[in-house]
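**Student:** Sending over upload-v1.csv (CSV, C-alpha atoms (C1' of nucleotides)).
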chain,number,residue,atom,x,y,z
A,132,MET,CA,-29.7,-16.2,30.7
A,133,PRO,CA,-30.2,-15.8,33.7
A,134,GLU,CA,-30.0,-12.3,35.2
A,135,GLY,CA,-31.7,-11.8,38.5
A,136,HIS,CA,-35.2,-11.7,37.1
A,137,SER,CA,-34.9,-15.2,35.8
A,138,LEU,CA,-33.8,-16.5,39.2
A,139,HIS,CA,-36.7,-14.8,41.0
A,140,ARG,CA,-39.1,-16.3,38.5
A,141,LEU,CA,-37.5,-19.6,39.1
A,142,ALA,CA,-37.8,-19.2,42.9
A,143,ARG,CA,-41.5,-18.4,42.5
A,144,GLN,CA,-42.0,-21.4,40.2
A,145,PHE,CA,-40.3,-23.7,42.7
A,146,ASP,CA,-42.2,-22.3,45.6
A,147,ASP,CA,-45.5,-22.7,43.8
A,148,VAL,CA,-45.1,-26.2,42.5
A,149,PHE,CA,-42.7,-27.8,45.0
A,150,GLY,CA,-43.3,-25.8,48.2
A,151,GLY,CA,-44.5,-28.0,51.0
A,152,GLN,CA,-44.1,-31.1,48.7
A,153,THR,CA,-42.1,-34.2,49.4
A,154,VAL,CA,-39.7,-34.5,46.4
A,155,LEU,CA,-37.4,-37.1,44.9
A,156,VAL,CA,-34.0,-35.7,44.1
A,157,SER,CA,-31.6,-37.5,41.8
A,158,SER,CA,-28.7,-36.9,39.5
A,159,PRO,CA,-29.2,-38.8,36.2
A,160,GLN,CA,-25.8,-37.4,35.1
A,161,GLY,CA,-24.2,-38.6,38.3
A,162,ARG,CA,-22.2,-35.6,39.2
A,163,PHE,CA,-24.6,-34.5,41.9
A,164,SER,CA,-25.5,-38.0,43.3
A,165,SER,CA,-23.8,-37.8,46.7
A,166,ASP,CA,-25.4,-34.4,47.4
A,167,ALA,CA,-28.8,-35.5,46.0
A,168,GLU,CA,-28.9,-38.3,48.6
A,169,ARG,CA,-28.9,-35.8,51.4
A,170,ILE,CA,-32.1,-34.2,50.4
A,171,ASP,CA,-33.8,-37.0,48.5
A,172,GLY,CA,-37.2,-37.8,49.9
A,173,HIS,CA,-37.5,-34.8,52.1
A,174,GLN,CA,-39.9,-31.9,52.0
A,175,LEU,CA,-39.0,-28.8,50.0
A,176,GLU,CA,-40.2,-26.2,52.4
A,177,HIS,CA,-39.4,-23.0,50.7
A,178,ALA,CA,-37.6,-21.6,47.7
A,179,PHE,CA,-36.1,-18.1,47.3
A,180,ALA,CA,-33.6,-16.2,45.2
A,181,LYS,CA,-30.9,-13.6,45.9
A,182,GLY,CA,-29.2,-12.1,43.0
A,183,LYS,CA,-28.5,-14.8,40.5
A,184,GLN,CA,-28.7,-17.7,42.9
A,185,LEU,CA,-31.5,-20.0,43.9
A,186,PHE,CA,-31.9,-21.5,47.4
A,187,CYS,CA,-34.3,-24.3,48.4
A,188,ARG,CA,-34.8,-25.1,52.1
A,189,PHE,CA,-35.5,-28.7,52.9
A,190,SER,CA,-37.3,-30.2,56.0
A,191,ASN,CA,-34.0,-31.7,57.3
A,192,ASP,CA,-32.5,-28.2,57.5
A,193,LEU,CA,-30.3,-28.6,54.5
A,194,TYR,CA,-30.4,-26.3,51.5
A,195,LEU,CA,-29.9,-26.7,47.8
A,196,ARG,CA,-28.0,-23.8,46.2
A,197,VAL,CA,-28.0,-23.4,42.4
A,198,HIS,CA,-26.2,-20.9,40.3
A,199,LEU,CA,-27.0,-21.2,36.6
A,200,GLY,CA,-23.9,-19.3,35.3
A,201,LEU,CA,-23.8,-18.7,31.6
A,202,TYR,CA,-25.3,-22.0,30.4
A,203,GLY,CA,-27.5,-23.3,33.1
A,204,ALA,CA,-31.2,-23.8,32.6
A,205,PHE,CA,-34.2,-25.6,34.2
A,206,SER,CA,-36.9,-27.3,32.2
A,207,PHE,CA,-40.2,-28.3,33.8
A,208,GLY,CA,-43.1,-30.6,33.1
A,209,GLY,CA,-46.1,-32.1,34.8
A,210,ASP,CA,-49.8,-32.3,35.1
A,211,GLN,CA,-52.5,-29.7,35.3
A,212,HIS,CA,-51.5,-28.8,38.9
A,213,PHE,CA,-48.1,-28.0,37.6
A,214,THR,CA,-48.2,-25.1,35.3
A,215,GLY,CA,-46.1,-22.1,34.6
A,216,ALA,CA,-42.7,-21.5,32.9
A,217,SER,CA,-41.8,-24.4,30.7
A,218,SER,CA,-38.1,-23.4,30.8
A,219,ILE,CA,-36.1,-20.9,32.8
A,220,GLY,CA,-32.5,-20.2,32.3
A,221,ALA,CA,-30.2,-19.6,29.4
A,222,PRO,CA,-32.1,-18.6,26.3
A,223,ARG,CA,-30.7,-20.3,23.3
A,224,LYS,CA,-31.6,-17.6,20.9
A,225,ILE,CA,-32.3,-13.9,21.1
A,226,GLY,CA,-35.9,-13.5,21.7
A,227,GLU,CA,-36.6,-16.6,23.7
A,228,SER,CA,-38.9,-15.9,26.6
A,229,GLU,CA,-39.7,-17.8,29.7
A,230,THR,CA,-43.4,-18.0,29.6
A,231,GLY,CA,-45.6,-20.9,28.4
A,232,THR,CA,-47.2,-23.9,29.8
A,233,THR,CA,-46.3,-27.5,29.9
A,234,SER,CA,-47.4,-29.6,26.9
A,235,ASP,CA,-48.0,-32.9,28.5
A,236,ALA,CA,-50.6,-31.7,31.0
A,237,GLU,CA,-53.3,-34.0,29.8
A,238,SER,CA,-51.4,-37.2,29.8
A,239,TYR,CA,-48.9,-36.9,32.5
A,240,ASN,CA,-47.3,-40.2,33.5
A,241,GLY,CA,-44.3,-39.1,35.3
A,242,PRO,CA,-41.1,-37.5,34.0
A,243,PRO,CA,-39.6,-38.6,30.7
A,244,ALA,CA,-36.3,-40.4,30.4
A,245,PRO,CA,-33.6,-37.8,31.0
A,246,VAL,CA,-32.1,-36.3,27.9
A,247,GLY,CA,-28.5,-35.2,27.9
A,248,ALA,CA,-26.5,-34.2,30.9
A,249,VAL,CA,-29.2,-33.7,33.6
A,250,ARG,CA,-27.3,-32.6,36.8
A,251,VAL,CA,-30.4,-32.7,39.0
A,252,ARG,CA,-33.9,-34.0,38.6
A,253,ILE,CA,-36.5,-33.0,41.1
A,254,VAL,CA,-39.8,-34.9,41.1
A,255,SER,CA,-43.0,-34.3,43.0
A,256,GLU,CA,-46.4,-36.0,42.7
A,257,HIS,CA,-47.5,-33.6,40.0
A,258,GLY,CA,-44.4,-32.7,38.1
A,259,TRP,CA,-40.7,-32.5,37.6
A,260,ALA,CA,-37.7,-30.2,37.0
A,261,ASP,CA,-34.4,-30.9,35.3
A,262,LEU,CA,-31.3,-28.8,35.7
A,263,ARG,CA,-28.5,-28.8,33.1
A,264,GLY,CA,-25.2,-26.9,33.0
A,265,PRO,CA,-25.2,-25.0,36.2
A,266,THR,CA,-22.0,-23.2,37.4
A,267,ALA,CA,-22.8,-24.2,41.0
A,268,CYS,CA,-25.1,-26.8,42.4
A,269,GLU,CA,-24.6,-28.1,45.9
A,270,VAL,CA,-26.3,-29.0,49.2
A,271,LEU,CA,-25.3,-26.8,52.2
A,272,ASP,CA,-26.2,-26.3,55.8
A,273,HIS,CA,-27.7,-23.1,57.1
A,274,ASP,CA,-24.4,-21.4,58.1
A,275,ARG,CA,-22.9,-22.0,54.7
A,276,VAL,CA,-26.0,-20.6,53.0
A,277,GLN,CA,-25.8,-17.6,55.2
A,278,ALA,CA,-22.1,-17.1,54.2
A,279,HIS,CA,-23.2,-17.0,50.5
A,280,LEU,CA,-26.0,-14.6,51.1
A,281,ASN,CA,-23.7,-12.3,53.1
A,282,LYS,CA,-21.3,-12.0,50.1
A,283,LEU,CA,-24.1,-10.7,47.9
A,284,GLY,CA,-24.9,-7.0,47.6
A,285,PRO,CA,-28.5,-5.7,47.8
A,286,ASP,CA,-31.0,-7.3,45.5
A,287,PRO,CA,-33.3,-4.9,43.6
A,288,LEU,CA,-35.9,-7.7,43.5
A,289,ILE,CA,-36.2,-8.0,47.2
A,290,GLY,CA,-39.4,-6.0,47.2
A,291,SER,CA,-40.8,-8.1,44.5
A,292,ALA,CA,-39.9,-11.2,46.4
A,293,VAL,CA,-41.5,-9.9,49.6
A,294,ARG,CA,-44.7,-9.0,47.8
A,295,PHE,CA,-44.9,-12.5,46.3
A,296,ARG,CA,-44.5,-14.0,49.8
A,297,ALA,CA,-47.0,-11.6,51.3
A,298,ALA,CA,-49.6,-12.7,48.8
A,299,LYS,CA,-49.2,-16.2,50.3
A,300,GLY,CA,-49.5,-14.8,53.9
A,301,GLN,CA,-45.8,-15.6,54.5
A,302,ALA,CA,-44.5,-12.0,54.8
A,303,ASP,CA,-45.6,-8.5,55.7
A,304,ILE,CA,-46.1,-6.4,52.6
A,305,ALA,CA,-44.9,-3.3,54.4
A,306,ASP,CA,-41.4,-4.9,54.5
A,307,SER,CA,-41.2,-4.5,50.8
A,308,GLU,CA,-40.6,-0.8,50.8
A,309,THR,CA,-38.5,-0.9,53.9
A,310,LEU,CA,-36.1,-3.5,52.5
A,311,LEU,CA,-35.8,-1.7,49.2
A,312,GLU,CA,-34.9,1.5,51.0
A,313,ALA,CA,-32.3,-0.4,53.0
A,314,GLY,CA,-31.0,-1.8,49.7
A,315,HIS,CA,-30.6,1.6,48.2
A,316,LYS,CA,-28.6,2.7,51.2
A,317,GLU,CA,-26.3,-0.3,50.9
A,318,PHE,CA,-25.9,0.2,47.2
A,319,ARG,CA,-24.9,3.8,47.7
A,320,ALA,CA,-22.4,2.8,50.4
A,321,ASN,CA,-20.9,0.1,48.2
A,322,LEU,CA,-20.5,2.5,45.2
A,323,LEU,CA,-18.8,5.1,47.5
A,324,LYS,CA,-16.2,2.4,48.5
A,325,THR,CA,-14.6,2.1,45.0
A,326,LYS,CA,-13.2,4.1,42.2
A,327,THR,CA,-14.0,1.2,39.8
A,328,PRO,CA,-15.9,2.4,36.7
A,329,ILE,CA,-19.6,2.2,37.4
A,330,GLY,CA,-20.0,0.0,34.3
A,331,VAL,CA,-17.8,-2.6,36.0
A,332,ALA,CA,-19.2,-2.1,39.5
A,333,LEU,CA,-22.7,-2.9,38.4
A,334,MET,CA,-21.6,-6.3,37.3
A,335,ASN,CA,-20.0,-7.0,40.7
A,336,GLN,CA,-22.5,-9.1,42.7
A,337,SER,CA,-21.2,-7.9,46.0
A,338,VAL,CA,-22.1,-4.3,45.0
A,339,ILE,CA,-25.6,-5.1,43.7
A,340,SER,CA,-26.8,-8.6,43.1
A,341,GLY,CA,-28.8,-9.8,40.1
A,342,VAL,CA,-27.7,-7.2,37.5
A,343,GLY,CA,-26.1,-8.8,34.5
A,344,ASN,CA,-24.8,-7.6,31.1
A,345,ILE,CA,-28.1,-6.5,29.7
A,346,TYR,CA,-29.4,-4.7,32.7
A,347,ARG,CA,-26.0,-3.1,33.3
A,348,ALA,CA,-26.0,-1.6,29.8
A,349,GLU,CA,-29.6,-0.6,29.7
A,350,ALA,CA,-29.8,0.9,33.2
A,351,LEU,CA,-26.8,3.1,32.5
A,352,PHE,CA,-28.3,4.3,29.2
A,353,ARG,CA,-31.7,5.0,30.8
A,354,ASN,CA,-29.9,7.1,33.4
A,355,ARG,CA,-27.5,8.8,31.0
A,356,ILE,CA,-24.5,7.6,33.0
A,357,SER,CA,-21.2,7.0,31.3
A,358,PRO,CA,-20.0,3.4,32.1
A,359,ALA,CA,-16.5,4.8,32.6
A,360,LEU,CA,-17.5,7.1,35.5
A,361,PRO,CA,-15.8,6.1,38.7
A,362,ALA,CA,-18.4,4.6,41.0
A,363,ASN,CA,-17.6,6.9,43.9
A,364,GLU,CA,-18.2,9.9,41.7
A,365,LEU,CA,-21.9,9.1,41.0
A,366,SER,CA,-23.9,11.7,42.9
A,367,ALA,CA,-26.3,10.7,45.6
A,368,GLN,CA,-29.2,11.9,43.5
A,369,LYS,CA,-28.1,9.9,40.4
A,370,THR,CA,-27.5,6.8,42.6
A,371,ARG,CA,-31.0,7.0,44.0
A,372,LYS,CA,-32.5,7.4,40.5
A,373,LEU,CA,-30.3,4.5,39.2
A,374,TRP,CA,-31.3,2.2,42.1
A,375,TRP,CA,-35.0,2.7,41.7
A,376,ASP,CA,-34.8,2.5,37.9
A,377,ILE,CA,-33.1,-0.9,38.2
A,378,VAL,CA,-35.8,-2.0,40.7
A,379,SER,CA,-38.4,-0.9,38.1
A,380,VAL,CA,-37.0,-2.6,35.0
A,381,MET,CA,-36.1,-5.8,36.8
A,382,GLU,CA,-39.6,-6.1,38.4
A,383,ASP,CA,-40.9,-5.7,34.8
A,384,GLY,CA,-38.5,-8.6,33.9
A,385,VAL,CA,-40.0,-10.8,36.6
A,386,ARG,CA,-43.5,-10.1,35.4
A,387,ASP,CA,-42.7,-10.5,31.6
A,388,GLY,CA,-40.2,-13.3,31.7
A,389,LYS,CA,-38.0,-11.2,29.4
A,390,ILE,CA,-36.0,-8.0,29.5
A,391,ILE,CA,-37.6,-5.0,27.9
A,392,THR,CA,-36.2,-1.7,28.8
A,393,THR,CA,-37.4,0.7,26.1
A,394,LEU,CA,-40.3,3.1,26.7
A,395,PRO,CA,-43.1,2.9,24.1
A,396,GLU,CA,-42.2,6.3,22.6
A,397,ASP,CA,-38.7,5.1,21.8
A,398,ARG,CA,-39.7,2.0,19.8
A,399,ASP,CA,-40.2,1.7,16.1
A,400,PRO,CA,-44.0,1.8,15.7
A,401,GLN,CA,-43.7,-0.5,12.6
A,402,GLY,CA,-41.7,-3.2,14.3
A,403,VAL,CA,-42.4,-5.8,17.0
A,404,ILE,CA,-41.5,-4.9,20.6
A,405,TRP,CA,-39.7,-8.1,21.2
A,406,PRO,CA,-36.9,-8.5,20.5
A,407,ASP,CA,-36.2,-5.8,17.9
A,408,ASN,CA,-37.3,-2.9,20.1
A,409,ALA,CA,-36.6,-4.2,23.5
A,410,TYR,CA,-33.2,-2.6,24.2
A,411,TYR,CA,-31.6,0.9,23.9
A,412,VAL,CA,-28.0,-0.3,23.5
A,413,TYR,CA,-27.5,-4.0,24.2
A,414,GLN,CA,-26.3,-5.7,21.0
A,415,ARG,CA,-27.0,-2.5,19.0
A,416,GLN,CA,-23.4,-1.6,18.3
A,417,GLY,CA,-23.1,0.5,15.1
A,418,MET,CA,-26.9,1.1,15.0
A,419,GLN,CA,-28.4,4.5,15.6
A,420,CYS,CA,-29.2,5.5,19.2
A,421,ARG,CA,-33.0,5.6,19.7
A,422,LYS,CA,-32.6,9.0,21.4
A,423,CYS,CA,-29.9,10.9,19.6
A,424,SER,CA,-29.1,8.9,16.4
A,425,ALA,CA,-25.4,8.6,17.3
A,426,ARG,CA,-23.9,5.2,16.6
A,427,ILE,CA,-23.9,2.8,19.6
A,428,SER,CA,-20.5,1.8,20.9
A,429,LEU,CA,-19.1,-1.5,21.9
A,430,ALA,CA,-16.0,-2.4,23.9
A,431,GLU,CA,-14.8,-5.5,25.7
A,432,VAL,CA,-14.4,-4.6,29.4
A,433,ALA,CA,-13.4,-7.2,31.9
A,434,ALA,CA,-14.1,-10.0,29.4
A,435,ARG,CA,-17.7,-8.8,28.9
A,436,LYS,CA,-19.2,-6.8,26.1
A,437,LEU,CA,-20.2,-3.3,27.1
A,438,TYR,CA,-22.6,-1.3,25.0
A,439,TRP,CA,-23.3,2.4,25.4
A,440,CYS,CA,-24.2,5.6,23.5
A,441,PRO,CA,-21.2,7.9,23.3
A,442,ARG,CA,-23.4,11.0,23.0
A,443,CYS,CA,-26.2,10.3,25.6
A,444,GLN,CA,-23.8,8.8,28.1
A,445,LYS,CA,-21.0,11.4,28.3
A,446,ARG,CA,-19.1,11.9,31.6
A,447,PRO,CA,-19.9,15.1,33.4
A,448,ARG,CA,-17.5,17.9,32.7
A,449,GLN,CA,-14.6,17.9,35.1
A,450,ARG,CA,-14.7,20.9,37.3
A,451,HIS,CA,-11.5,22.9,37.8
A,452,SER,CA,-10.6,23.3,41.4
A,453,THR,CA,-8.8,26.6,40.9
B,279,DC,C1',-20.2,-31.0,10.8
B,280,DT,C1',-17.6,-27.8,13.6
B,281,DA,C1',-16.1,-23.4,15.5
B,282,DG,C1',-17.8,-19.6,17.7
B,283,DC,C1',-20.6,-17.5,20.8
B,284,DA,C1',-23.8,-16.4,25.0
B,285,DT,C1',-27.8,-12.4,29.9
B,286,DG,C1',-21.7,-15.8,34.6
B,287,DA,C1',-18.0,-16.3,37.8
B,288,DT,C1',-13.7,-18.3,39.7
B,289,DC,C1',-9.1,-19.3,39.9
B,290,DA,C1',-4.0,-19.1,38.8
B,291,DC,C1',-0.4,-16.2,37.5
C,235,DT,C1',-5.3,-11.0,31.8
C,236,DG,C1',-6.3,-15.7,30.5
C,237,DA,C1',-7.9,-20.4,31.2
C,238,DT,C1',-11.5,-23.0,32.7
C,239,DC,C1',-16.0,-24.6,33.9
C,240,DC,C1',-19.9,-26.4,30.9
C,241,DT,C1',-24.4,-26.5,27.5
C,242,DG,C1',-26.7,-25.7,23.3
C,243,DC,C1',-27.9,-22.7,19.5
C,244,DT,C1',-26.2,-20.6,15.2
C,245,DA,C1',-23.4,-19.4,11.4
C,246,DG,C1',-20.5,-20.9,8.1
C,247,DC,C1',-18.0,-24.6,5.6
Would you put the structure from the file into structure tokens?
**Tutor:**
Amino acid sequence: MPEGHSLHRLARQFDDVFGGQTVLVSSPQGRFSSDAERIDGHQLEHAFAKGKQLFCRFSNDLYLRVHLGLYGAFSFGGDQHFTGASSIGAPRKIGESETGTTSDAESYNGPPAPVGAVRVRIVSEHGWADLRGPTACEVLDHDRVQAHLNKLGPDPLIGSAVRFRAAKGQADIADSETLLEAGHKEFRANLLKTKTPIGVALMNQSVISGVGNIYRAEALFRNRISPALPANELSAQKTRKLWWDIVSVMEDGVRDGKIITTLPEDRDPQGVIWPDNAYYVYQRQGMQCRKCSARISLAEVAARKLYWCPRCQKRPRQRHST
DNA sequence: CTAGCATGATCAC
DNA sequence: TGATCCTGCTAGC
């Protein structure tokens, strides 16, 4: 599923294979038909992601906005000019990754008959993309897109996105670091605004965008932060460390197409990295902590499963003010 | 076969 | 806090 790294991979894939192309947009399922008509046959100029959302700008100044939610996924296919991820979105089993190439490259004859509930189908000369099960999928004008973007907190993958665009000559690579520093400042300010537990705040897309349940749990463990700590009590130093650590692990996620947060020295040398040794705490409740051997805890918080190590992630001692 | 579950988020009360 | 959106894999009859 789609945490931020999946959406940024998706944006790259879209930009690579559809960018600058005239595309046919339809809704085999029918639910998107009236919106599809507004962009059908136009040029897809540019695709980008913020947090867990994908935006595509079309040549008639309209935008496609997609939010995959819990179930949404894209599948792709096409000829030899159209390679990359075969599927990006909700993994259907633990361990599914997002890398691979299309299988019909040799004998491409256009997209296959749609299978199941395909909300949107996008077709270019060289390939196609099918979208199923998104939480949100709509066509918007620029102002409404901006309103969505404004609601989202800083995206730790902004630097990754800028470097990708810079490689195409569409951005200045120096902006990467500048924007990440600005993101850190915004993140810090957002945390200071609330007493909400940091474990909940990290899932709030207006505080930081793109972090989901896995990155939330893993980033807190890697930084030895209790998920119960009020957000405004996280020190400036810890906040800085947390931000840059999230940047680092999520950039790895974009590169790998899967989430791996463990360091080599914390993995079982006998086992495979993926998926058995990929995480410190996520879905490891009752198992021994890789660092201290305490049993990993699990609690339901705000309708989501929260995993943490009760020994490594203790709250700092309360200081008496006497 | 079906119920349960999943890396998400909104809305009503 | 709970219902709902909505898809597909998996575990268990």
**Student:** Using all atoms listed in the file, which residues sit within 12 Å of stretch 161-170 of chain A once same-chain residues fewer than 5 positions away are excluded, as a PyMOL selection string?
**Tutor:** chain A and resi 153-156+175-176+187-197+245+247-253+262-265+267-272
**Student:** Under the rule that all atoms listed in the file are counted, which of A:Pro287, A:Gln414, A:Gln211, A:Asp397 is the nearest residue to B:DA284?
**Tutor:**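 Among A:Pro287, A:Gln414, A:Gln211, A:Asp397, it is A:Gln414 that comes nearest to B:DA284.
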**Student:** If the cut-off is 9 Å, can you tell me the residues of chain B near chain A, counting only C-alpha atoms (C1' of nucleotides)? I'd like them as a ChimeraX atom specification.
**Tutor:** /B:284-287
**Student:** Give me, as a list of chain:residue names, the contact residues of chain C against chain A at a cut-off of 10 Å, counting all atoms listed in the file.
**Tutor:**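 The answer, sorted by residue number, is C:DT235, C:DG236, C:DC239, C:DC240, C:DT241, C:DG242, C:DC243, C:DT244.
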**Student:** Just to be explicit: take each residue in the selection above, keep C-alpha atoms (C1' of nucleotides), and write the result as a compact mmCIF listing (two decimals), keeping the file's coordinate frame.
**Tutor:**
# COMPACT_ATOMS: atom_id res chain seq x y z
C1' DT C 235 -5.30 -11.00 31.80
C1' DG C 236 -6.30 -15.70 30.50
C1' DC C 239 -16.00 -24.60 33.90
C1' DC C 240 -19.90 -26.40 30.90
C1' DT C 241 -24.40 -26.50 27.50
C1' DG C 242 -26.70 -25.70 23.30
C1' DC C 243 -27.90 -22.70 19.50
C1' DT C 244 -26.20 -20.60 15.20
**Student:** For the atom pair atom CA of A:Leu311 and atom CA of A:His177, what is the interatomic distance in Å to one decimal place?
**Tutor:**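 The value is 21.7 Å.
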**Student:** Just give me the gap between atom CA of A:His136 and atom CA of A:Val276 in Å, one decimal is fine.
**Tutor:** 20.4 Å
**Student:** Find the distance between atom CA of A:Arg353 and atom CA of A:Trp375 and write it in Å to one decimal.
**Tutor:** 11.6 Å
**Student:** If we count all atoms listed in the file and set the cut-off at 8 Å, which residues sit around stretch 327-333 of chain A, ignoring sequence neighbours fewer than 4 positions away in its own chain? Please answer as a list of chain:residue names.
**Tutor:**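 Contacts, in chain order: A:Leu322, A:Val338, A:Ile339, A:Val342, A:Gly343, A:Arg347, A:Ala348, A:Leu351, A:Ser357, A:Pro358, A:Ala359, A:Leu360, A:Pro361, A:Ala362, A:Asn363, A:Val432, A:Ala433, A:Leu437.
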**Student:** Fewer than 3 positions away in the same chain doesn't count, so skip those; otherwise give me all residues within 12 Å of B:DA281, counting all atoms listed in the file, as a compact mmCIF listing (two decimals) with C-alpha atoms (C1' of nucleotides), keeping the file's coordinate frame.
**Tutor:**
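Contents of part_10.txt, as written:
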# COMPACT_ATOMS: atom_id res chain seq x y z
C1' DT C 244 -26.20 -20.60 15.20
C1' DA C 245 -23.40 -19.40 11.40
C1' DG C 246 -20.50 -20.90 8.10
C1' DC C 247 -18.00 -24.60 5.60
